[in-house]
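Source file: model_14.csv (CSV, C-alpha atoms)
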chain,number,residue,atom,x,y,z
A,1,MET,CA,6.3,-20.2,20.2
A,2,ASN,CA,3.2,-21.4,18.3
A,3,LYS,CA,2.7,-19.8,15.0
A,4,LEU,CA,-0.6,-18.3,13.8
A,5,LYS,CA,-2.3,-20.9,11.5
A,6,LEU,CA,-4.3,-20.0,8.4
A,7,TYR,CA,-6.6,-22.5,6.7
A,8,GLY,CA,-8.3,-21.8,3.3
A,9,LYS,CA,-8.6,-22.5,-0.4
A,10,PRO,CA,-5.7,-21.1,-2.3
A,11,ASP,CA,-7.7,-19.2,-4.9
A,12,SER,CA,-10.6,-18.1,-2.8
A,13,PRO,CA,-11.2,-14.3,-2.9
A,14,GLU,CA,-11.6,-14.2,0.9
A,15,ILE,CA,-8.2,-15.6,1.6
A,16,TYR,CA,-6.0,-13.3,-0.5
A,17,PRO,CA,-6.5,-10.1,1.6
A,18,ILE,CA,-5.7,-12.1,4.7
A,19,ARG,CA,-2.5,-13.6,3.3
A,20,ASP,CA,-1.5,-10.2,2.0
A,21,PHE,CA,-2.2,-8.4,5.3
A,22,LEU,CA,-0.2,-11.0,7.3
A,23,LYS,CA,2.7,-11.0,4.8
A,24,ARG,CA,2.9,-7.2,4.8
A,25,SER,CA,2.6,-7.1,8.5
A,26,VAL,CA,5.6,-9.6,8.8
A,27,ILE,CA,3.4,-12.1,10.8
A,28,ASP,CA,4.9,-15.6,10.7
A,29,PHE,CA,2.1,-18.0,9.9
A,30,GLU,CA,1.5,-21.6,8.7
A,31,TRP,CA,-0.6,-22.1,5.7
A,32,PHE,CA,-3.0,-25.1,5.3
A,33,ASP,CA,-4.8,-25.9,2.1
A,34,ILE,CA,-8.3,-27.2,2.8
A,35,THR,CA,-9.4,-27.8,-0.8
A,36,HIS,CA,-9.8,-31.5,0.0
A,37,ASP,CA,-11.9,-32.8,2.8
A,38,ASP,CA,-9.1,-35.1,4.2
A,39,LEU,CA,-6.2,-32.6,3.9
A,40,GLY,CA,-5.1,-29.4,5.4
A,41,TRP,CA,-6.5,-29.4,8.9
A,42,GLY,CA,-4.1,-28.8,11.7
A,43,GLN,CA,-4.0,-31.0,14.8
A,44,GLY,CA,-5.8,-28.3,16.9
A,45,ILE,CA,-9.0,-28.2,14.9
A,46,THR,CA,-9.3,-31.5,13.0
A,47,SER,CA,-12.9,-31.8,14.2
A,48,PHE,CA,-13.8,-28.3,13.3
A,49,ASN,CA,-16.9,-28.1,11.2
A,50,ASN,CA,-16.4,-25.9,8.1
A,51,PRO,CA,-18.6,-27.3,5.4
A,52,ASP,CA,-18.3,-24.2,3.1
A,53,LYS,CA,-14.5,-24.3,3.4
A,54,GLN,CA,-14.3,-20.6,4.4
A,55,PRO,CA,-11.0,-19.2,5.6
A,56,VAL,CA,-10.2,-20.1,9.2
A,57,ILE,CA,-7.6,-18.5,11.4
A,58,GLU,CA,-6.2,-20.1,14.5
A,59,PHE,CA,-4.3,-17.8,16.9
A,60,PRO,CA,-1.3,-19.0,19.0
A,61,ASP,CA,-3.6,-19.0,22.1
A,62,GLY,CA,-6.0,-21.5,20.5
A,63,LYS,CA,-8.7,-19.0,19.5
A,64,VAL,CA,-10.4,-19.9,16.2
A,65,ILE,CA,-12.3,-17.5,13.9
A,66,VAL,CA,-14.1,-18.5,10.7
A,67,ASN,CA,-13.9,-16.1,7.8
A,68,PRO,CA,-12.2,-13.4,9.9
A,69,SER,CA,-12.1,-9.7,8.9
A,70,LEU,CA,-8.8,-7.9,8.9
A,71,GLU,CA,-10.1,-5.9,11.9
A,72,GLN,CA,-10.7,-9.1,13.8
A,73,ILE,CA,-7.2,-10.3,13.1
A,74,ALA,CA,-5.6,-7.0,14.0
A,75,CYS,CA,-7.8,-6.9,17.2
A,76,ASN,CA,-6.7,-10.3,18.3
A,77,LEU,CA,-3.1,-9.4,17.7
A,78,GLY,CA,-3.5,-6.4,19.9
A,79,TRP,CA,-3.2,-3.8,17.1
A,80,ILE,CA,-6.6,-2.1,17.2
A,81,THR,CA,-6.5,0.7,19.7
A,82,GLU,CA,-8.2,4.0,20.4
A,83,PRO,CA,-6.4,7.4,20.6
A,84,LYS,CA,-5.0,7.8,24.2
A,85,TYR,CA,-5.0,11.6,24.3
A,86,ALA,CA,-7.5,14.3,23.7
A,87,GLU,CA,-5.0,16.2,21.6
A,88,TYR,CA,-1.8,15.6,19.8
A,89,ASP,CA,1.0,17.8,18.5
A,90,LEU,CA,1.1,15.9,15.2
A,91,SER,CA,-1.2,13.4,13.5
A,92,ILE,CA,0.2,11.5,10.4
A,93,TYR,CA,-2.0,9.8,7.9
A,94,GLY,CA,-0.5,6.9,6.0
A,95,ALA,CA,2.1,4.5,7.3
A,96,GLY,CA,4.2,4.1,4.2
A,97,PRO,CA,7.9,5.2,4.0
A,98,ALA,CA,7.0,9.0,4.3
A,99,GLY,CA,4.6,8.5,7.2
A,100,LEU,CA,6.8,6.1,9.1
A,101,SER,CA,9.8,8.4,8.7
A,102,ALA,CA,7.8,11.4,9.9
A,103,ALA,CA,6.6,9.4,12.9
A,104,VAL,CA,10.1,8.4,13.9
A,105,TYR,CA,11.6,11.8,13.6
A,106,ALA,CA,8.7,13.6,15.3
A,107,ALA,CA,8.4,11.3,18.3
A,108,SER,CA,12.2,11.2,18.7
A,109,GLU,CA,12.2,15.0,19.0
A,110,GLY,CA,9.5,15.1,21.6
A,111,LEU,CA,6.3,15.7,19.7
A,112,LYS,CA,3.2,13.8,20.9
A,113,THR,CA,2.6,11.9,17.7
A,114,ILE,CA,-0.1,9.5,16.3
A,115,LEU,CA,0.2,7.6,13.1
A,116,ILE,CA,-3.0,6.4,11.3
A,117,GLU,CA,-3.1,3.7,8.6
A,118,ARG,CA,-6.2,2.3,7.0
A,119,GLU,CA,-4.5,-0.9,5.7
A,120,ALA,CA,-1.2,-2.5,6.6
A,121,ILE,CA,2.1,-0.8,7.7
A,122,GLY,CA,4.3,0.0,4.7
A,123,GLY,CA,1.8,1.3,2.2
A,124,GLN,CA,2.5,0.4,-1.4
A,125,ALA,CA,6.2,0.0,-0.7
A,126,GLY,CA,5.3,-2.7,1.8
A,127,THR,CA,4.2,-5.0,-1.1
A,128,SER,CA,7.6,-4.9,-2.7
A,129,SER,CA,9.4,-8.2,-2.7
A,130,LEU,CA,12.8,-6.6,-2.7
A,131,ILE,CA,14.1,-3.0,-2.6
A,132,GLU,CA,17.7,-3.0,-3.8
A,133,ASN,CA,18.5,0.7,-4.3
A,134,TYR,CA,17.7,1.9,-0.8
A,135,LEU,CA,20.7,3.3,1.1
A,136,GLY,CA,22.3,0.9,3.6
A,137,PHE,CA,21.0,-2.4,2.3
A,138,PRO,CA,23.5,-3.7,-0.3
A,139,GLU,CA,21.7,-7.0,-0.5
A,140,GLY,CA,18.3,-5.4,-0.7
A,141,ILE,CA,15.4,-5.7,1.8
A,142,SER,CA,11.7,-6.5,1.3
A,143,GLY,CA,9.3,-3.6,1.6
A,144,ALA,CA,7.5,-5.4,4.5
A,145,ASN,CA,10.7,-5.9,6.5
A,146,LEU,CA,11.8,-2.3,6.0
A,147,ALA,CA,8.4,-1.1,7.1
A,148,GLU,CA,8.4,-3.5,10.2
A,149,ARG,CA,11.8,-2.1,11.3
A,150,ALA,CA,10.5,1.4,11.0
A,151,ARG,CA,7.3,0.5,12.9
A,152,GLN,CA,9.4,-0.9,15.8
A,153,GLN,CA,11.6,2.2,15.7
A,154,ALA,CA,8.5,4.4,15.9
A,155,LEU,CA,7.1,2.4,18.8
A,156,LYS,CA,10.4,2.7,20.6
A,157,PHE,CA,10.0,6.5,20.6
A,158,GLY,CA,6.4,6.4,21.8
A,159,VAL,CA,4.4,6.8,18.6
A,160,GLU,CA,0.8,5.7,18.8
A,161,ILE,CA,-0.1,3.6,15.7
A,162,LEU,CA,-3.8,3.1,14.8
A,163,LEU,CA,-4.3,0.4,12.1
A,164,LEU,CA,-7.3,-0.2,9.9
A,165,LYS,CA,-8.7,3.2,10.6
A,166,GLU,CA,-10.5,5.3,8.0
A,167,GLY,CA,-11.3,8.9,8.6
A,168,ILE,CA,-14.8,9.7,7.3
A,169,LYS,CA,-14.5,13.5,7.8
A,170,GLY,CA,-11.7,16.0,8.5
A,171,ALA,CA,-12.1,19.6,9.3
A,172,PHE,CA,-9.7,22.5,10.1
A,173,TYR,CA,-10.6,25.0,12.7
A,174,ASP,CA,-9.1,26.5,15.9
A,175,ASN,CA,-5.6,25.9,14.4
A,176,ARG,CA,-6.3,22.2,14.7
A,177,ILE,CA,-7.3,19.3,12.5
A,178,HIS,CA,-10.4,17.5,13.8
A,179,VAL,CA,-11.1,14.0,12.4
A,180,ASP,CA,-14.1,11.7,12.9
A,181,PHE,CA,-13.3,8.1,12.2
A,182,ALA,CA,-15.8,5.6,10.8
A,183,SER,CA,-15.5,3.6,14.0
A,184,GLY,CA,-16.7,6.6,16.0
A,185,GLU,CA,-13.5,7.9,17.6
A,186,LYS,CA,-12.5,11.5,17.3
A,187,LEU,CA,-9.0,12.8,16.9
A,188,VAL,CA,-7.6,16.4,17.4
A,189,ALA,CA,-4.1,17.5,16.5
A,190,LYS,CA,-2.3,20.8,16.3
A,191,SER,CA,-0.6,19.8,13.0
A,192,ASN,CA,-0.8,17.0,10.5
A,193,ILE,CA,1.1,15.4,7.7
A,194,CYS,CA,-0.7,13.7,4.8
A,195,ALA,CA,1.4,10.7,3.6
A,196,THR,CA,-1.4,8.6,2.2
A,197,GLY,CA,0.5,7.8,-1.0
A,198,VAL,CA,-1.2,6.5,-4.1
A,199,GLU,CA,-3.4,3.5,-5.1
A,200,TYR,CA,-2.7,1.4,-8.2
A,201,ALA,CA,-4.9,2.4,-11.0
A,202,ARG,CA,-7.5,0.1,-12.6
A,203,LEU,CA,-7.7,-1.1,-16.1
A,204,ASN,CA,-11.4,-0.3,-16.2
A,205,LEU,CA,-12.3,-3.5,-18.1
A,206,PRO,CA,-15.6,-5.3,-18.2
A,207,ASP,CA,-15.5,-8.1,-15.5
A,208,GLU,CA,-12.6,-6.5,-13.7
A,209,ASP,CA,-14.6,-6.3,-10.5
A,210,ARG,CA,-15.9,-9.9,-11.0
A,211,PHE,CA,-12.4,-11.3,-11.0
A,212,PHE,CA,-11.1,-9.1,-8.2
A,213,HIS,CA,-9.1,-11.4,-5.9
A,214,LYS,CA,-10.1,-14.2,-8.2
A,215,GLY,CA,-7.1,-13.9,-10.5
A,216,VAL,CA,-6.9,-10.1,-10.8
A,217,TYR,CA,-4.8,-8.3,-8.2
A,218,TYR,CA,-3.7,-4.7,-7.7
A,219,GLY,CA,0.0,-4.5,-6.9
A,220,ALA,CA,2.0,-7.7,-6.7
A,221,GLY,CA,2.0,-8.9,-3.1
A,222,ALA,CA,4.8,-11.3,-2.3
A,223,SER,CA,2.3,-13.5,-0.4
A,224,GLU,CA,0.9,-14.7,-3.8
A,225,ALA,CA,4.3,-16.0,-5.1
A,226,PHE,CA,3.9,-19.5,-3.6
A,227,PHE,CA,0.6,-19.9,-5.4
A,228,CYS,CA,2.1,-19.1,-8.8
A,229,GLN,CA,4.3,-22.1,-9.0
A,230,ASP,CA,4.5,-23.6,-12.5
A,231,LYS,CA,2.0,-21.1,-13.9
A,232,ASP,CA,2.1,-18.4,-16.5
A,233,LEU,CA,1.4,-15.0,-14.9
A,234,TYR,CA,1.1,-11.5,-16.3
A,235,ILE,CA,2.1,-8.2,-14.8
A,236,VAL,CA,0.7,-5.0,-16.3
A,237,GLY,CA,3.2,-2.1,-15.8
A,238,GLY,CA,6.7,-1.1,-16.5
A,239,GLY,CA,7.7,0.8,-13.3
A,240,ASN,CA,10.0,-0.4,-10.6
A,241,SER,CA,7.2,-2.1,-8.6
A,242,ALA,CA,6.3,-4.2,-11.7
A,243,GLY,CA,10.0,-4.9,-12.4
A,244,GLN,CA,10.6,-6.0,-8.8
A,245,ALA,CA,7.6,-8.2,-8.9
A,246,ALA,CA,8.6,-9.8,-12.2
A,247,THR,CA,12.1,-10.8,-10.9
A,248,TYR,CA,10.7,-12.1,-7.7
A,249,PHE,CA,7.8,-14.1,-9.2
A,250,SER,CA,10.2,-15.6,-11.8
A,251,GLY,CA,11.6,-17.8,-9.1
A,252,PHE,CA,8.2,-19.5,-8.7
A,253,ALA,CA,6.2,-19.1,-12.0
A,254,LYS,CA,6.7,-21.1,-15.1
A,255,ARG,CA,6.8,-17.9,-17.1
A,256,VAL,CA,6.3,-14.2,-16.3
A,257,PHE,CA,5.0,-11.7,-18.9
A,258,MET,CA,5.4,-8.0,-18.4
A,259,VAL,CA,2.7,-6.1,-20.4
A,260,ILE,CA,3.8,-2.5,-21.2
A,261,ARG,CA,2.4,0.1,-23.5
A,262,LYS,CA,5.7,1.6,-24.5
A,263,GLY,CA,8.5,0.2,-26.7
A,264,ASN,CA,11.1,0.1,-24.0
A,265,LEU,CA,11.6,-0.1,-20.3
A,266,ALA,CA,14.2,2.6,-19.9
A,267,ASP,CA,11.7,5.4,-19.6
A,268,THR,CA,10.1,3.9,-16.4
A,269,LEU,CA,12.5,1.3,-14.9
A,270,SER,CA,15.8,1.6,-13.1
A,271,GLU,CA,18.8,0.3,-15.0
A,272,TYR,CA,19.7,-2.4,-12.6
A,273,LEU,CA,16.2,-3.9,-13.0
A,274,ILE,CA,16.4,-3.7,-16.8
A,275,GLN,CA,19.6,-5.7,-16.7
A,276,ARG,CA,18.2,-8.2,-14.2
A,277,ILE,CA,15.1,-8.8,-16.3
A,278,ALA,CA,17.1,-9.3,-19.4
A,279,SER,CA,19.2,-11.9,-17.7
A,280,ILE,CA,16.2,-14.0,-16.4
A,281,LYS,CA,15.2,-16.5,-19.1
A,282,ASN,CA,11.5,-17.0,-18.0
A,283,ILE,CA,10.7,-13.3,-18.0
A,284,ASN,CA,9.2,-12.0,-21.3
A,285,VAL,CA,8.4,-8.4,-22.0
A,286,LEU,CA,5.5,-7.7,-24.3
A,287,TYR,CA,6.1,-4.2,-25.7
A,288,TYR,CA,3.3,-2.0,-27.2
A,289,ALA,CA,0.9,-4.3,-25.5
A,290,GLU,CA,-2.4,-3.7,-23.6
A,291,VAL,CA,-4.8,-6.0,-21.8
A,292,VAL,CA,-8.3,-5.3,-23.2
A,293,ALA,CA,-10.5,-8.2,-22.0
A,294,LEU,CA,-10.8,-10.8,-19.2
A,295,GLU,CA,-12.5,-14.2,-19.4
A,296,GLY,CA,-13.4,-17.0,-17.1
A,297,ASP,CA,-16.2,-18.7,-15.2
A,298,ASP,CA,-15.7,-18.4,-11.4
A,299,TYR,CA,-12.1,-17.4,-11.7
A,300,LEU,CA,-9.9,-15.7,-14.3
A,301,GLU,CA,-8.9,-18.1,-17.0
A,302,ARG,CA,-7.6,-16.0,-19.9
A,303,ILE,CA,-6.8,-12.5,-21.0
A,304,LYS,CA,-6.9,-10.7,-24.3
A,305,ILE,CA,-3.8,-8.7,-25.3
A,306,VAL,CA,-3.7,-6.2,-28.2
A,307,ASN,CA,-0.5,-5.0,-29.9
A,308,SER,CA,-0.9,-1.3,-30.5
A,309,GLN,CA,1.7,-1.3,-33.4
A,310,ASP,CA,0.1,-3.8,-35.7
A,311,GLY,CA,-3.4,-4.2,-34.2
A,312,THR,CA,-3.0,-7.9,-33.6
A,313,GLU,CA,-4.8,-9.4,-30.7
A,314,ALA,CA,-4.6,-12.8,-29.0
A,315,TRP,CA,-6.0,-14.6,-26.0
A,316,HIS,CA,-3.5,-15.9,-23.3
A,317,ASN,CA,-4.4,-18.5,-20.8
A,318,THR,CA,-3.6,-17.4,-17.2
A,319,SER,CA,-5.1,-17.4,-13.7
A,320,LYS,CA,-2.9,-14.6,-12.4
A,321,LEU,CA,-3.0,-11.0,-13.5
A,322,PHE,CA,-1.2,-8.4,-11.4
A,323,ILE,CA,-1.9,-4.7,-12.2
A,324,CYS,CA,1.0,-2.4,-11.3
A,325,ILE,CA,0.3,0.8,-13.2
A,326,GLY,CA,0.4,4.5,-12.3
A,327,GLY,CA,-1.6,5.3,-9.2
A,328,LYS,CA,-4.2,7.6,-8.0
A,329,PRO,CA,-3.6,9.7,-4.8
A,330,ASN,CA,-5.7,9.0,-1.7
A,331,THR,CA,-7.0,12.6,-1.2
A,332,GLU,CA,-10.8,12.4,-1.5
A,333,TRP,CA,-10.9,13.5,2.2
A,334,ALA,CA,-9.7,16.9,1.1
A,335,VAL,CA,-12.6,17.7,-1.3
A,336,GLU,CA,-14.5,19.7,1.3
A,337,THR,CA,-11.5,21.5,2.8
A,338,ALA,CA,-9.4,24.4,1.6
A,339,ILE,CA,-6.5,22.2,0.6
A,340,CYS,CA,-5.5,22.7,-3.1
A,341,ARG,CA,-5.2,19.7,-5.3
A,342,ASP,CA,-4.3,19.3,-9.0
A,343,ARG,CA,-6.8,17.7,-11.4
A,344,ASN,CA,-5.4,14.2,-10.6
A,345,GLY,CA,-5.8,14.7,-6.8
A,346,TYR,CA,-2.2,15.4,-5.9
A,347,LEU,CA,-1.7,17.9,-3.1
A,348,TYR,CA,0.0,21.2,-3.9
A,349,THR,CA,2.6,22.4,-1.4
A,350,GLY,CA,5.0,25.3,-1.0
A,351,ASN,CA,5.9,27.4,-4.1
A,352,ASP,CA,3.5,25.4,-6.3
A,353,LEU,CA,0.7,27.0,-4.4
A,354,LEU,CA,1.6,30.7,-5.0
A,355,SER,CA,0.0,31.1,-8.4
A,356,LEU,CA,-3.3,29.4,-7.6
A,357,ASP,CA,-6.4,31.4,-7.2
A,358,GLN,CA,-7.8,29.1,-4.5
A,359,TYR,CA,-4.6,29.5,-2.4
A,360,LYS,CA,-4.8,33.3,-2.7
A,361,MET,CA,-8.4,33.2,-1.4
A,362,CYS,CA,-7.8,31.0,1.6
A,363,TRP,CA,-4.2,31.7,2.8
A,364,GLU,CA,-4.3,34.4,5.5
A,365,LEU,CA,-0.8,34.4,7.0
A,366,GLU,CA,1.8,37.0,6.1
A,367,ARG,CA,4.5,34.3,5.6
A,368,PRO,CA,4.4,32.0,2.5
A,369,PRO,CA,3.7,28.3,3.0
A,370,TYR,CA,6.7,26.1,3.9
A,371,HIS,CA,8.1,23.9,1.2
A,372,LEU,CA,5.9,20.9,2.2
A,373,GLU,CA,3.0,22.8,3.6
A,374,THR,CA,-0.4,22.7,1.9
A,375,SER,CA,-2.8,25.6,1.5
A,376,VAL,CA,-4.0,25.1,5.1
A,377,PRO,CA,-1.4,26.3,7.6
A,378,GLY,CA,-0.1,23.4,9.8
A,379,SER,CA,-1.2,20.8,7.3
A,380,PHE,CA,1.7,19.2,5.4
A,381,ALA,CA,2.2,16.6,2.6
A,382,ALA,CA,5.0,14.2,2.1
A,383,GLY,CA,5.8,11.3,-0.3
A,384,ASP,CA,3.9,10.2,-3.4
A,385,VAL,CA,0.7,12.1,-2.5
A,386,ARG,CA,2.4,15.4,-3.1
A,387,PHE,CA,2.4,17.2,-6.4
A,388,ASN,CA,5.6,16.7,-8.4
A,389,SER,CA,7.1,14.4,-5.8
A,390,VAL,CA,9.8,11.8,-6.7
A,391,LYS,CA,8.2,8.4,-6.6
A,392,ARG,CA,11.0,6.6,-4.7
A,393,VAL,CA,11.2,5.1,-1.2
A,394,ALA,CA,14.3,7.2,-0.3
A,395,SER,CA,12.8,10.5,-1.4
A,396,ALA,CA,9.6,9.7,0.6
A,397,VAL,CA,11.6,9.0,3.7
A,398,GLY,CA,13.5,12.2,3.2
A,399,GLU,CA,10.3,14.2,2.8
A,400,GLY,CA,8.8,12.7,5.9
A,401,ALA,CA,11.8,13.9,8.0
A,402,MET,CA,11.8,17.3,6.3
A,403,ALA,CA,8.1,17.7,7.0
A,404,VAL,CA,8.7,17.3,10.7
A,405,THR,CA,11.3,20.1,10.7
A,406,GLN,CA,8.7,22.3,9.2
A,407,VAL,CA,6.1,21.1,11.7
A,408,HIS,CA,8.4,22.3,14.4
A,409,GLN,CA,8.7,25.7,12.7
A,410,TYR,CA,4.9,26.0,12.5
A,411,LEU,CA,4.2,24.9,16.1
A,412,SER,CA,6.8,27.3,17.4
A,413,LYS,CA,4.7,30.2,16.1
A,414,LEU,CA,1.4,29.1,17.5
Would it be possible to restate this file's structure as structure tokens?
Amino acid sequence: MNKLKLYGKPDSPEIYPIRDFLKRSVIDFEWFDITHDDLGWGQGITSFNNPDKQPVIEFPDGKVIVNPSLEQIACNLGWITEPKYAEYDLSIYGAGPAGLSAAVYAASEGLKTILIEREAIGGQAGTSSLIENYLGFPEGISGANLAERARQQALKFGVEILLLKEGIKGAFYDNRIHVDFASGEKLVAKSNICATGVEYARLNLPDEDRFFHKGVYYGAGASEAFFCQDKDLYIVGGGNSAGQAATYFSGFAKRVFMVIRKGNLADTLSEYLIQRIASIKNINVLYYAEVVALEGDDYLERIKIVNSQDGTEAWHNTSKLFICIGGKPNTEWAVETAICRDRNGYLYTGNDLLSLDQYKMCWELERPPYHLETSVPGSFAAGDVRFNSVKRVASAVGEGAMAVTQVHQYLSKL
């Protein structure tokens, strides 16, 4: 079978999202560097005119698209669909571990289920190069492969999956959630689970936007490892995602520097990763450190790091900075609803709601909310988006399954 072919300049800001999407979606593709006029073109399009050297994708059937959007790619892979039914038993928002788990359990138990994801399957976990502490995988498994297995499992049970869909408005009435997508479709469901996870936070530095996908990346997608060969790269963050990225990239990069604000890794990193990092010679941990400035012409060329203990600062040459620091939950959609959020945007559920004035004003049922139910009956939250959740893949999977049990309880009383 012919592979999908991707042509582009390694450091162009247009190519990174495409590579990342294909890698996270476990799409096998061939990469061609078109930096030089006489190099990179595949046999099928050697005469193709591309004077600006924009990204080009060639599908196995021979179709060629210049500078494709992710929607165009997904469409040509047959992944962009519209809702099949006028109403569903359950709609799930976010296809990370919690959302995928909920989808599998719900559909396997007979619920008419639809799963909506605005990016790639797997969520933040899908960018992880290797998850080693998830039950049943003693040798570890990449986040993308774990998510792909879950996607296939969900499809087996009849889950509808809508990719690259963003809801622009959601409303709760008639014991239903009504969602209008930016693409124009409408979706109605008797119950819903929010599993939208969190996004990586920004450093909020001058020029951060200018270098976005030009040396500055949020998360540490495995797709970028090949392009870090023999380079010095920097990872901001001391959590498991940053630690996993450091160990994976160390096999490609000349040196990997972890930039953390604290004086140790034990507060934020699993012990097995601490030991692994200590054993890898080309990983260096910069403690009490913070990136405070970025510099470069068209692309990132250097970063300034300050030591908070002694106040010293220094410029470090690098073209790769990966930001893996504490995230912000994706809950802006809830602002105009009766769903209660904490000041950071996390969704309150269950007993955490009971003392809130907003909850007392909007909750009209005699029973209290179920453990994973929000302040709107029939609307549940699972995984990292939930207030006080455990930020681990296994706990997100467990909450997804638990949420479905509570969805059944809710639907049985309608």
**OP:** Kindly provide, as an MDAnalysis selection string, the polymer residues lying within 7 Å of (5.0, -12.6, -21.2), counting all atoms listed in the file and using the coordinates exactly as they appear in the file.
**Re:** chainID A and resid 234 255:259 283:286
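Between atom CA of Arg341 of chain A and atom CA of Gly398 of chain A the interatomic distance comes to 21.9 Å.
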Original post:
Restricting the calculation to only C-alpha atoms, which member of A:Gly197, A:Leu146, A:Phe226, A:Ile116 is positioned closest to Tyr134 of chain A?
Top reply: A:Leu146
Subject >> Residue list as a PyMOL selection string for point (-7.3, -16.8, -18.8), cut-off 9 Å, all atoms listed in the file >> reply: chain A and resi 215+294-296+299-304+315-321
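Residue nearest Asn192 of chain A within the list A:His178, A:Lys214, A:Lys328, A:Arg386: A:His178 [criterion: smallest interatomic distance, only C-alpha atoms].
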**OP:** Determine the nearest neighbour of Val66 of chain A from the options A:Leu135, A:Leu414, A:Leu6, A:Leu265, counting all atoms listed in the file.
**Re:**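 Smallest separation from Val66 of chain A among the options: A:Leu6.
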Determine, using all atoms listed in the file, which residues of segment 376-413 of chain A have any atom at most 10 Å from an atom of segment 336-340 of chain A, and tabulate each with its shortest atom pair and distance in Å to one decimal place, rows ordered by chain and then rising number, as JSON lines.
{"residue": "A:Val376", "atom": "CA", "partner": "A:Ile339", "partner_atom": "CA", "distance": 5.9}
{"residue": "A:Pro377", "atom": "CA", "partner": "A:Ile339", "partner_atom": "CA", "distance": 9.6}
{"residue": "A:Ser379", "atom": "CA", "partner": "A:Ile339", "partner_atom": "CA", "distance": 8.7}
{"residue": "A:Phe380", "atom": "CA", "partner": "A:Ile339", "partner_atom": "CA", "distance": 10.0}
Original post:
Looking at A:His213, A:Arg202, A:Lys112, A:Lys84, which one is nearest to Leu187 of chain A, with distances taken over all atoms listed in the file?
Top reply: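 Going through A:His213, A:Arg202, A:Lys112, A:Lys84 one by one, the smallest distance to Leu187 of chain A is for A:Lys84.
Take the candidates A:Val64, A:Ala293, A:Val404, A:Leu356 and check each one against Phe211 of chain A using all atoms listed in the file; the shortest distance goes to A:Ala293.
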**OP:** Go through A:Glu87, A:Glu313, A:Glu271, A:Glu199 one by one, measure the shortest atom-to-atom distance of each to Tyr288 of chain A using only C-alpha atoms, and give the residue with the smallest value.
**Re:** A:Glu313
**OP:** Please identify all polymer residues within 9 Å of Thr127 of chain A, counting all atoms listed in the file, omitting same-chain residues fewer than 3 positions from it, and present them as number ranges by chain.
**Re:** A: 20, 23-24, 122-124, 130, 142-144, 219-223, 241
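Separating atom CA of Pro97 of chain A from atom CA of Ile235 of chain A is a distance of 23.8 Å.
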**OP:** Work out how far apart atom CA of Ala195 of chain A and atom CA of Gly140 of chain A are and give it in Å to one decimal.
**Re:**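 One can read the atom CA of Ala195 of chain A to atom CA of Gly140 of chain A distance as 23.7 Å.
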**OP:** Using only C-alpha atoms, determine which residues lie at most 9 Å from Thr113 of chain A, disregarding the query and same-chain residues fewer than 2 positions distant; provide the list as a VMD selection string.
**Re:** chain A and resid 88 to 92 103 106 to 107 110 to 111 115 158 to 161 189
Just the selected residues (C-alpha atoms), exported as an mmCIF file, keeping the file's coordinate frame, please.
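Full text of again10.cif as output:
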data_model
loop_
_atom_site.group_PDB
_atom_site.id
_atom_site.type_symbol
_atom_site.label_atom_id
_atom_site.label_comp_id
_atom_site.auth_asym_id
_atom_site.auth_seq_id
_atom_site.Cartn_x
_atom_site.Cartn_y
_atom_site.Cartn_z
ATOM 1 C CA TYR A 88 -1.800 15.600 19.800
ATOM 2 C CA ASP A 89 1.000 17.800 18.500
ATOM 3 C CA LEU A 90 1.100 15.900 15.200
ATOM 4 C CA SER A 91 -1.200 13.400 13.500
ATOM 5 C CA ILE A 92 0.200 11.500 10.400
ATOM 6 C CA ALA A 103 6.600 9.400 12.900
ATOM 7 C CA ALA A 106 8.700 13.600 15.300
ATOM 8 C CA ALA A 107 8.400 11.300 18.300
ATOM 9 C CA GLY A 110 9.500 15.100 21.600
ATOM 10 C CA LEU A 111 6.300 15.700 19.700
ATOM 11 C CA LEU A 115 0.200 7.600 13.100
ATOM 12 C CA GLY A 158 6.400 6.400 21.800
ATOM 13 C CA VAL A 159 4.400 6.800 18.600
ATOM 14 C CA GLU A 160 0.800 5.700 18.800
ATOM 15 C CA ILE A 161 -0.100 3.600 15.700
ATOM 16 C CA ALA A 189 -4.100 17.500 16.500
#
Can you list, as an mmCIF file with C-alpha atoms, in the coordinates of the input, every protein, DNA or RNA residue that comes within 9 Å of Lys186 of chain A when you count all atoms listed in the file, leaving out same-chain residues fewer than 6 positions away?
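Output (result.cif):
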data_model
loop_
_atom_site.group_PDB
_atom_site.id
_atom_site.type_symbol
_atom_site.label_atom_id
_atom_site.label_comp_id
_atom_site.auth_asym_id
_atom_site.auth_seq_id
_atom_site.Cartn_x
_atom_site.Cartn_y
_atom_site.Cartn_z
ATOM 1 C CA PRO A 83 -6.400 7.400 20.600
ATOM 2 C CA ALA A 86 -7.500 14.300 23.700
ATOM 3 C CA HIS A 178 -10.400 17.500 13.800
ATOM 4 C CA VAL A 179 -11.100 14.000 12.400
ATOM 5 C CA ASP A 180 -14.100 11.700 12.900
#
**OP:** Fewer than 4 positions away in the same chain doesn't count, so skip those; otherwise give me all residues within 8 Å of Ser101 of chain A, counting all atoms listed in the file, as a ChimeraX atom specification.
**Re:** /A:97,105,150,397-398,400-401
